[in-house]
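What's in data_32.cif: mmCIF, C-alpha atoms
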data_start
loop_
_atom_site.label_atom_id
_atom_site.label_comp_id
_atom_site.auth_asym_id
_atom_site.auth_seq_id
_atom_site.Cartn_x
_atom_site.Cartn_y
_atom_site.Cartn_z
CA MET X 1 -7.58 -21.14 4.83
CA THR X 2 -6.30 -24.41 3.47
CA ALA X 3 -3.84 -26.46 5.48
CA THR X 4 -0.97 -25.66 3.11
CA ALA X 5 -1.66 -21.97 2.50
CA LYS X 6 0.62 -19.48 4.18
CA PRO X 7 -0.91 -16.51 6.01
CA ILE X 8 -0.92 -13.35 3.91
CA ASP X 9 1.13 -10.40 5.14
CA PHE X 10 -1.59 -7.71 5.24
CA LEU X 11 -0.82 -3.98 5.35
CA TRP X 12 -3.19 -0.99 5.21
CA PHE X 13 -2.97 2.53 3.75
CA ILE X 14 -2.63 5.91 5.47
CA PRO X 15 -4.54 8.50 3.36
CA THR X 16 -2.11 11.42 3.71
CA SER X 17 -3.84 13.39 0.95
CA GLY X 18 -7.30 13.06 2.49
CA ASP X 19 -10.13 10.55 2.80
CA GLY X 20 -13.84 10.37 2.19
CA THR X 21 -17.04 8.40 1.71
CA TYR X 22 -17.52 9.09 -2.01
CA LEU X 23 -15.14 9.33 -4.98
CA GLY X 24 -14.97 12.38 -7.22
CA THR X 25 -16.87 14.76 -4.94
CA ALA X 26 -16.19 17.02 -1.97
CA ASP X 27 -19.18 15.57 -0.09
CA LEU X 28 -18.19 13.99 3.24
CA ASN X 29 -14.49 14.54 2.62
CA ARG X 30 -11.95 14.24 5.46
CA GLY X 31 -8.69 16.16 5.40
CA PRO X 32 -5.39 14.50 6.32
CA GLU X 33 -5.46 15.89 9.84
CA ILE X 34 -2.84 14.20 12.01
CA GLY X 35 -5.35 13.22 14.69
CA TYR X 36 -7.40 11.32 12.11
CA LEU X 37 -4.34 9.64 10.61
CA GLN X 38 -3.35 8.64 14.14
CA GLN X 39 -6.78 7.07 14.65
CA ILE X 40 -6.29 4.93 11.56
CA ALA X 41 -2.75 3.91 12.53
CA GLN X 42 -3.77 2.95 16.06
CA ALA X 43 -6.78 1.00 14.80
CA VAL X 44 -4.81 -1.06 12.28
CA ASP X 45 -2.05 -1.64 14.83
CA ARG X 46 -4.64 -3.09 17.19
CA LEU X 47 -6.56 -5.02 14.52
CA GLY X 48 -3.59 -7.11 13.42
CA TYR X 49 -2.35 -5.45 10.22
CA THR X 50 1.42 -5.76 9.97
CA GLY X 51 2.08 -2.31 8.55
CA VAL X 52 0.89 0.76 6.68
CA LEU X 53 1.83 2.38 3.38
CA LEU X 54 2.46 6.12 3.33
CA PRO X 55 2.43 7.58 -0.21
CA THR X 56 4.42 10.45 -1.67
CA GLY X 57 3.46 13.35 -3.92
CA VAL X 58 2.71 17.04 -3.95
CA SER X 59 -0.80 16.43 -2.54
CA CYS X 60 0.42 14.21 0.32
CA GLU X 61 1.79 15.00 3.74
CA GLU X 62 5.52 14.20 3.82
CA SER X 63 5.93 10.47 4.40
CA PHE X 64 8.93 10.37 6.76
CA VAL X 65 7.59 13.11 9.02
CA THR X 66 4.15 11.50 9.16
CA ALA X 67 5.61 8.07 9.90
CA ALA X 68 7.71 9.50 12.72
CA ALA X 69 4.63 11.12 14.25
CA LEU X 70 2.56 7.93 13.99
CA SER X 71 5.31 5.64 15.24
CA ALA X 72 5.09 7.32 18.65
CA HIS X 73 1.45 6.25 18.96
CA THR X 74 1.74 2.63 17.77
CA GLN X 75 3.48 -0.48 19.05
CA LYS X 76 4.00 -3.15 16.37
CA LEU X 77 2.99 -1.43 13.15
CA LYS X 78 5.62 -1.17 10.39
CA PHE X 79 5.79 1.91 8.17
CA LEU X 80 6.24 1.48 4.42
CA VAL X 81 7.56 4.96 3.69
CA ALA X 82 7.81 6.36 0.17
CA ILE X 83 11.27 7.48 -0.91
CA ARG X 84 11.71 9.31 -4.25
CA PRO X 85 15.34 9.45 -5.46
CA GLY X 86 16.29 12.88 -6.72
CA THR X 87 14.26 14.99 -4.31
CA ALA X 88 17.23 14.93 -1.91
CA SER X 89 20.72 13.44 -1.83
CA PRO X 90 21.24 9.74 -1.04
CA ALA X 91 23.20 10.75 2.07
CA TYR X 92 20.28 12.82 3.36
CA TYR X 93 17.80 10.02 2.69
CA ALA X 94 20.17 7.59 4.42
CA ARG X 95 20.05 9.75 7.55
CA LEU X 96 16.26 10.00 7.34
CA ALA X 97 15.84 6.24 6.97
CA SER X 98 18.34 5.40 9.70
CA THR X 99 16.86 7.88 12.16
CA LEU X 100 13.29 6.75 11.51
CA ASP X 101 14.35 3.13 11.94
CA ARG X 102 15.86 3.95 15.33
CA VAL X 103 12.98 6.17 16.43
CA SER X 104 10.48 3.42 15.56
CA ASN X 105 12.70 0.63 16.93
CA GLY X 106 13.18 -1.14 13.62
CA ARG X 107 9.73 -0.69 12.10
CA VAL X 108 10.72 0.94 8.79
CA LEU X 109 10.15 -0.38 5.27
CA LEU X 110 11.12 1.74 2.23
CA ASN X 111 8.96 2.03 -0.89
CA ILE X 112 10.98 3.30 -3.86
CA VAL X 113 8.94 5.64 -6.08
CA VAL X 114 10.68 6.62 -9.33
CA GLY X 115 7.82 7.28 -11.75
CA GLY X 116 4.83 9.57 -11.83
CA SER X 117 3.87 12.83 -13.47
CA PRO X 118 6.75 14.51 -15.36
CA ALA X 119 5.28 17.89 -14.42
CA GLU X 120 5.28 17.06 -10.71
CA LEU X 121 8.78 15.57 -10.97
CA ALA X 122 10.01 18.75 -12.64
CA GLY X 123 8.63 20.72 -9.71
CA ASP X 124 10.79 18.56 -7.44
CA GLY X 125 13.85 19.31 -9.58
CA ILE X 126 13.86 16.00 -11.51
CA HIS X 127 14.23 16.64 -15.25
CA LEU X 128 15.06 13.18 -16.59
CA GLU X 129 13.28 11.06 -19.19
CA HIS X 130 11.45 7.92 -18.10
CA ASP X 131 14.18 5.29 -18.53
CA GLU X 132 16.92 7.66 -17.47
CA ARG X 133 15.22 8.10 -14.09
CA TYR X 134 15.89 4.44 -13.38
CA ALA X 135 19.56 4.74 -14.31
CA HIS X 136 19.73 7.67 -11.89
CA ALA X 137 17.88 5.66 -9.21
CA ASP X 138 20.36 2.81 -9.53
CA GLU X 139 23.28 5.14 -8.78
CA PHE X 140 21.32 6.83 -6.01
CA PHE X 141 20.65 3.56 -4.20
CA HIS X 142 24.21 2.36 -4.69
CA VAL X 143 25.32 5.21 -2.42
CA TRP X 144 22.28 4.93 -0.15
CA GLU X 145 22.82 1.22 0.48
CA GLU X 146 26.54 1.59 1.11
CA LEU X 147 25.84 4.24 3.72
CA LEU X 148 23.20 2.15 5.51
CA GLU X 149 25.28 -1.02 5.39
CA THR X 150 28.83 0.29 5.99
CA GLY X 151 28.48 3.89 7.18
CA SER X 152 30.43 5.45 4.31
CA SER X 153 30.42 5.77 0.51
CA THR X 154 32.49 7.31 -2.23
CA PHE X 155 31.05 7.08 -5.72
CA GLU X 156 31.23 8.94 -9.02
CA GLY X 157 28.65 8.12 -11.63
CA LYS X 158 26.83 9.83 -14.45
CA TYR X 159 24.15 11.26 -12.13
CA ILE X 160 25.41 10.86 -8.57
CA LYS X 161 28.70 11.91 -7.02
CA ALA X 162 29.48 11.29 -3.36
CA THR X 163 32.86 12.06 -1.83
CA ASN X 164 33.48 10.41 1.54
CA ALA X 165 29.79 10.47 2.45
CA ARG X 166 29.23 9.37 6.04
CA LEU X 167 26.39 7.98 8.14
CA GLY X 168 27.10 8.51 11.79
CA LEU X 169 24.41 6.29 13.34
CA PRO X 170 23.32 2.95 11.86
CA PRO X 171 19.74 1.69 11.47
CA VAL X 172 18.28 -0.90 13.84
CA GLN X 173 17.63 -3.35 11.00
CA ALA X 174 20.74 -4.94 9.54
CA PRO X 175 22.09 -4.51 7.00
CA ARG X 176 19.33 -2.00 6.11
CA PRO X 177 15.52 -1.66 6.14
CA PRO X 178 13.82 -3.72 3.39
CA LEU X 179 13.25 -2.11 -0.01
CA TYR X 180 9.92 -2.37 -1.86
CA PHE X 181 9.21 -1.19 -5.41
CA GLY X 182 6.42 -1.13 -7.98
CA GLY X 183 6.90 -0.41 -11.68
CA SER X 184 5.65 -2.09 -14.85
CA SER X 185 8.08 -0.77 -17.45
CA ASP X 186 11.06 -2.80 -18.66
CA ALA X 187 13.42 -0.19 -17.20
CA GLY X 188 11.61 -0.32 -13.87
CA ILE X 189 11.73 -4.10 -13.69
CA GLU X 190 15.44 -4.21 -14.56
CA PHE X 191 16.15 -1.64 -11.85
CA SER X 192 14.05 -3.45 -9.27
CA VAL X 193 15.53 -6.93 -9.63
CA GLY X 194 19.00 -5.59 -8.94
CA ARG X 195 18.02 -3.79 -5.74
CA VAL X 196 14.74 -4.54 -4.05
CA ASP X 197 13.46 -7.19 -1.67
CA LYS X 198 9.78 -7.07 -2.65
CA TYR X 199 8.22 -6.24 -6.00
CA LEU X 200 4.73 -4.72 -5.88
CA THR X 201 2.03 -4.81 -8.54
CA TRP X 202 -1.26 -2.99 -8.73
CA GLY X 203 -4.43 -5.10 -8.74
CA GLU X 204 -4.63 -6.34 -12.30
CA PRO X 205 -6.55 -9.51 -13.32
CA PRO X 206 -4.73 -12.67 -12.21
CA ALA X 207 -3.59 -13.59 -15.72
CA LEU X 208 -1.82 -10.24 -16.13
CA VAL X 209 -0.31 -10.48 -12.65
CA ALA X 210 0.98 -13.96 -13.48
CA GLU X 211 2.69 -12.63 -16.62
CA LYS X 212 4.32 -9.83 -14.66
CA ILE X 213 5.53 -12.10 -11.87
CA ALA X 214 7.05 -14.49 -14.42
CA LYS X 215 8.82 -11.60 -16.13
CA VAL X 216 10.23 -10.24 -12.85
CA ARG X 217 11.34 -13.68 -11.69
CA ALA X 218 13.17 -14.31 -14.95
CA ALA X 219 14.91 -10.93 -14.79
CA ALA X 220 15.91 -11.51 -11.15
CA ALA X 221 17.27 -14.98 -11.95
CA LYS X 222 19.61 -13.48 -14.54
CA ARG X 223 21.05 -11.36 -11.72
CA GLY X 224 21.30 -14.36 -9.42
CA ARG X 225 18.66 -12.87 -7.13
CA GLU X 226 15.18 -13.67 -5.88
CA VAL X 227 12.45 -11.21 -4.92
CA SER X 228 9.14 -11.69 -3.15
CA PHE X 229 5.87 -10.22 -4.40
CA GLY X 230 3.06 -8.03 -3.10
CA ILE X 231 -0.13 -6.51 -4.49
CA ARG X 232 -1.83 -3.15 -3.90
CA LEU X 233 -5.64 -3.40 -3.79
CA HIS X 234 -8.70 -1.61 -2.48
CA PHE X 235 -11.30 -3.67 -0.62
CA ILE X 236 -15.09 -3.51 -0.43
CA VAL X 237 -16.04 -6.37 1.88
CA ARG X 238 -19.53 -6.84 3.31
CA GLU X 239 -21.40 -9.77 4.86
CA THR X 240 -22.93 -10.70 1.48
CA ASP X 241 -21.88 -10.24 -2.14
CA GLU X 242 -25.01 -8.19 -2.78
CA GLU X 243 -24.21 -5.74 0.02
CA ALA X 244 -20.63 -5.38 -1.23
CA TRP X 245 -21.67 -4.55 -4.79
CA ALA X 246 -24.20 -2.04 -3.47
CA ALA X 247 -21.37 -0.39 -1.50
CA ALA X 248 -19.23 -0.26 -4.64
CA ASP X 249 -22.05 1.44 -6.54
CA LYS X 250 -22.52 3.92 -3.68
CA LEU X 251 -18.81 4.84 -3.73
CA ILE X 252 -19.15 6.30 -7.26
CA SER X 253 -22.81 7.37 -6.99
CA LYS X 254 -21.94 11.08 -6.90
CA LEU X 255 -19.36 10.85 -9.68
CA ASP X 256 -20.35 12.66 -12.90
CA ASP X 257 -19.16 11.85 -16.42
CA GLU X 258 -17.27 15.13 -16.85
CA THR X 259 -15.16 14.42 -13.75
CA ILE X 260 -14.34 10.96 -15.14
CA ARG X 261 -13.39 12.40 -18.54
CA GLU X 262 -11.11 15.05 -17.03
CA ALA X 263 -9.42 12.52 -14.76
CA GLN X 264 -8.80 10.05 -17.59
CA GLU X 265 -7.35 12.78 -19.82
CA GLN X 266 -5.03 13.82 -17.03
CA PHE X 267 -3.83 10.25 -16.47
CA VAL X 268 -3.07 9.80 -20.17
CA ASN X 269 -1.54 13.21 -20.89
CA GLN X 270 0.30 14.02 -17.67
CA SER X 271 1.83 10.67 -16.73
CA ASP X 272 4.45 8.53 -18.44
CA SER X 273 3.83 5.64 -16.03
CA VAL X 274 3.41 2.29 -17.80
CA GLY X 275 1.56 0.97 -14.75
CA GLN X 276 -0.90 3.88 -14.88
CA LYS X 277 -1.62 3.19 -18.55
CA ARG X 278 -2.26 -0.47 -17.71
CA MET X 279 -4.70 0.58 -14.98
CA ALA X 280 -6.58 2.94 -17.32
CA ALA X 281 -6.78 0.31 -20.06
CA LEU X 282 -8.72 -2.05 -17.79
CA HIS X 283 -11.90 0.04 -18.00
CA GLY X 284 -11.28 2.72 -20.64
CA GLY X 285 -13.17 5.25 -18.53
CA ARG X 286 -16.47 3.36 -19.01
CA ARG X 287 -18.88 2.78 -16.13
CA ASP X 288 -20.30 -0.36 -17.83
CA LYS X 289 -16.92 -2.15 -17.99
CA LEU X 290 -15.84 -1.99 -14.36
CA GLU X 291 -15.78 -5.67 -13.35
CA VAL X 292 -12.56 -6.46 -15.20
CA SER X 293 -12.17 -9.92 -13.66
CA PRO X 294 -14.42 -11.88 -11.27
CA ASN X 295 -14.98 -9.58 -8.26
CA LEU X 296 -12.18 -7.23 -9.41
CA TRP X 297 -13.80 -3.81 -9.80
CA ALA X 298 -12.04 -0.89 -11.51
CA GLY X 299 -14.38 1.88 -10.34
CA VAL X 300 -11.75 3.50 -8.12
CA GLY X 301 -9.54 4.05 -11.17
CA LEU X 302 -12.16 6.19 -12.89
CA VAL X 303 -10.88 9.19 -10.94
CA ARG X 304 -8.00 8.00 -8.78
CA ALA X 305 -4.44 7.71 -10.06
CA GLY X 306 -2.35 4.71 -9.06
CA ALA X 307 -4.08 1.69 -7.58
CA GLY X 308 -7.50 1.70 -9.23
CA THR X 309 -9.06 -1.69 -8.52
CA ALA X 310 -10.93 -3.21 -5.60
CA LEU X 311 -11.89 -6.73 -4.63
CA VAL X 312 -15.64 -6.70 -4.00
CA GLY X 313 -17.69 -9.34 -2.23
CA SER X 314 -18.42 -11.33 0.88
CA PRO X 315 -15.55 -12.51 3.08
CA LYS X 316 -15.56 -15.96 1.45
CA THR X 317 -15.63 -14.51 -2.05
CA VAL X 318 -12.83 -12.03 -1.48
CA ALA X 319 -10.72 -14.61 0.35
CA ALA X 320 -11.05 -16.94 -2.64
CA ARG X 321 -9.88 -14.20 -5.01
CA LEU X 322 -6.90 -13.44 -2.76
CA ARG X 323 -5.98 -17.13 -2.71
CA GLU X 324 -5.81 -17.01 -6.52
CA TYR X 325 -3.23 -14.23 -6.29
CA GLN X 326 -1.42 -16.08 -3.52
CA GLU X 327 -1.08 -19.15 -5.73
CA LEU X 328 0.70 -16.95 -8.29
CA GLY X 329 3.31 -15.96 -5.69
CA ILE X 330 1.76 -12.95 -3.92
CA GLU X 331 2.78 -12.93 -0.26
CA THR X 332 1.95 -9.35 0.78
CA VAL X 333 -1.27 -7.36 0.38
CA ILE X 334 -1.44 -3.58 0.81
CA GLY X 335 -5.10 -2.76 1.21
CA SER X 336 -7.26 0.31 1.51
CA GLY X 337 -10.90 1.36 1.42
CA TYR X 338 -13.09 4.44 1.72
CA PRO X 339 -13.22 5.74 4.38
CA HIS X 340 -10.03 4.11 5.60
CA LEU X 341 -10.88 4.00 9.28
CA GLU X 342 -14.20 2.21 8.92
CA GLU X 343 -13.02 -0.08 6.14
CA ALA X 344 -9.97 -1.14 8.17
CA TYR X 345 -12.39 -2.51 10.75
CA ARG X 346 -14.60 -4.21 8.15
CA VAL X 347 -11.68 -5.94 6.47
CA ALA X 348 -10.20 -7.10 9.79
CA GLU X 349 -13.49 -8.24 11.29
CA LEU X 350 -14.96 -9.87 8.17
CA LEU X 351 -12.05 -10.95 5.97
CA PHE X 352 -9.21 -11.76 8.38
CA PRO X 353 -10.96 -14.82 9.88
CA GLU X 354 -11.39 -16.25 6.36
CA LEU X 355 -7.66 -15.75 5.74
CA GLY X 356 -6.62 -17.28 9.03
CA LEU X 357 -5.22 -13.95 10.22
CA LYS X 358 -5.32 -12.95 13.87
CA ARG X 359 -7.20 -9.81 14.81
CA ASP X 360 -8.03 -8.12 18.11
CA GLU X 361 -8.89 -11.05 20.36
CA GLN X 362 -9.49 -9.02 23.51
CA ARG X 363 -13.21 -8.61 22.87
CA ALA X 364 -13.73 -11.69 20.71
CA GLY X 365 -12.46 -14.00 23.44
CA PHE X 366 -13.93 -12.20 26.48
CA ARG X 367 -15.75 -14.46 28.93
CA ASN X 368 -17.53 -13.89 32.23
CA GLU X 369 -16.66 -15.47 35.55
CA PHE X 370 -18.74 -18.56 34.69
CA GLY X 371 -16.75 -19.26 31.54
CA ALA X 372 -19.56 -18.20 29.19
CA LYS X 373 -19.09 -15.94 26.18
CA GLN X 374 -20.39 -12.42 26.57
CA ILE X 375 -21.99 -10.47 23.75
CA PHE X 376 -21.54 -6.70 23.78
CA ALA X 377 -25.11 -5.60 23.13
CA GLY X 378 -24.89 -1.88 23.84
CA GLY X 379 -27.06 0.02 26.28
CA SER X 380 -26.10 1.55 29.60
CA HIS X 381 -24.55 0.30 32.82
CA GLY X 382 -21.40 -1.41 31.60
CA GLY X 383 -22.64 -2.28 28.15
CA ASN X 384 -25.75 -4.24 29.24
CA LEU X 385 -23.96 -7.53 28.51
CA LYS X 386 -25.82 -10.60 27.37
CA VAL X 387 -24.52 -14.00 28.40
CA VAL X 388 -24.32 -16.92 25.99
CA SER X 389 -23.23 -20.31 27.24
CA GLY X 390 -20.95 -22.63 25.32
CA SER X 391 -17.60 -22.24 23.62
#
Conversion result in structure tokens:
Amino acid sequence: MTATAKPIDFLWFIPTSGDGTYLGTADLNRGPEIGYLQQIAQAVDRLGYTGVLLPTGVSCEESFVTAAALSAHTQKLKFLVAIRPGTASPAYYARLASTLDRVSNGRVLLNIVVGGSPAELAGDGIHLEHDERYAHADEFFHVWEELLETGSSTFEGKYIKATNARLGLPPVQAPRPPLYFGGSSDAGIEFSVGRVDKYLTWGEPPALVAEKIAKVRAAAAKRGREVSFGIRLHFIVRETDEEAWAAADKLISKLDDETIREAQEQFVNQSDSVGQKRMAALHGGRRDKLEVSPNLWAGVGLVRAGAGTALVGSPKTVAARLREYQELGIETVIGSGYPHLEEAYRVAELLFPELGLKRDEQRAGFRNEFGAKQIFAGGSHGGNLKVVSGS
């Protein structure tokens, strides 16, 4: 890390729809069993990640309930919980957010999710066109914010009506937990700059991210506001670049062309998300066009909706790519990798030192009674420790 670079705020992902070793196959899959999700949360809490993202959707465990369960087993970890306006009233979501903030002792972040599949949204009772959903979300969060900040709200809009809505118990964080949002459409950007604290982008090539950041900044300035920026990326980090690219190839080694074709058709035909279309356009469903920018690999997006790119390489290589994003204004990274438990360790142990981030120092700094470093070499009888002199 250079002397002037700020440390990156690094979060991880909780795979509440399941996890696995390979993409596009049932081989070595792991279900979203709460004990496994707890393992991931406790590991990243210990390893030095600042928080975790919990997604929303019909295939995911409910984000608020899962966060509440995991908060009881973690100490410092923050929970970036997905909130979709329209699936419940703003007053109900205000109570959920306030309660979770108190239960976790102020460790709640809210991720606003407005877009997605129209078919899935219709199943949740949301029957609005793309841009209209953002007009609805603006009214929704007008009431939601008033409740969190003042305890009451009365509002009558086109979509939302609240008469003397009340919030009996305030959140720990004042005036409210921070709001995050990701959306690439013009309507999404206009909504976000009036409300949110942090704007999130998926992992596009730096030039495209720079264009988006400039557009959001300009829109926010017109409102007299400023927002900070984050990026959502997968990570495949190994000790060498060659090992990392081999791991990337392995991740899609059991993925057949028909599965790719079906997934790409579904993304195009069943989603009106501008961001999803931008992700799909990076590779066009082709296996031979996956490195869309130096070390930015789009293989995940062949079959996975949403964030579809990964940074691939050695710790030094990946750190250099992250610094490029940081120079554009990115302050927060939300990472993930398959499987999420093992990759959380790899990223923390290999990449964090290159970024100047603190990880679990309990073992790294352990010394014997003579002041010498001890290497945990395995074996029986207390780990069969080897002793290495020096600092």
Could you give me, as an MDAnalysis selection string, the residues within 7 Å of stretch 343-350 of chain X, counting all atoms listed in the file and dropping anything in the same chain fewer than 6 positions from it?
-> chainID X and resid 44 47 237 315 337 359
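For the pair atom CA of X:Ala135 and atom CA of X:Gly203, the interatomic distance is 26.5 Å.
Of note, atom CA of X:Ile8 and atom CA of X:Ala305 are spaced 25.5 Å apart.
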Residue among X:Arg217, X:Arg30, X:Arg166, X:Arg84 lying closest to X:Ala137, counting only C-alpha atoms =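 Checking each of X:Arg217, X:Arg30, X:Arg166, X:Arg84 against X:Ala137, counting only C-alpha atoms, the winner is X:Arg84.
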Atom CA of X:Ala82 to atom CA of X:Gly106, straight-line distance in Å |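 Rounded to one decimal, the two atoms are 16.3 Å apart.
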Picked residues, the PyMOL selection byres ((chain X and resi 39) around 12), expected as a PyMOL selection string | chain X and resi 14-15+32-38+40-46+70+73-74+340-342+344-345
Which residue gives the smallest distance to X:Thr309 among X:Phe235, X:Tyr49, X:Tyr180, X:Tyr92, with all atoms listed in the file counted?
-> X:Phe235
Selection under test: the PyMOL selection byres ((chain X and resi 145) around 10); residues as a count of residues only | 20
With distances taken over only C-alpha atoms, which of X:Asp257, X:Lys161, X:Pro339, X:Pro55 is nearest to X:Gly20?
-> X:Pro339
Name every residue that the PyMOL selection byres ((chain X and resi 111) around 9) selects in this structure, writing the answer as a ChimeraX atom specification with chains first and numbers rising.
-> /X:53-55,80-84,109-110,112-113,178-182
Taking all atoms listed in the file into account, which of X:Ile231, X:Gly168, X:Val65, X:Glu258 comes nearest X:Phe10?
-> X:Ile231
Need the shell around X:Ile236: protein/DNA/RNA residues with any atom at most 8 Å away, counting only C-alpha atoms. Skip same-chain ones fewer than 5 positions apart. Format as a CSV table (one decimal) with C-alpha atoms, in the coordinates of the input?
chain,number,residue,atom,x,y,z
X,244,ALA,CA,-20.6,-5.4,-1.2
X,245,TRP,CA,-21.7,-4.6,-4.8
X,247,ALA,CA,-21.4,-0.4,-1.5
X,248,ALA,CA,-19.2,-0.3,-4.6
X,310,ALA,CA,-10.9,-3.2,-5.6
X,311,LEU,CA,-11.9,-6.7,-4.6
X,312,VAL,CA,-15.6,-6.7,-4.0
X,313,GLY,CA,-17.7,-9.3,-2.2
X,337,GLY,CA,-10.9,1.4,1.4
X,343,GLU,CA,-13.0,-0.1,6.1
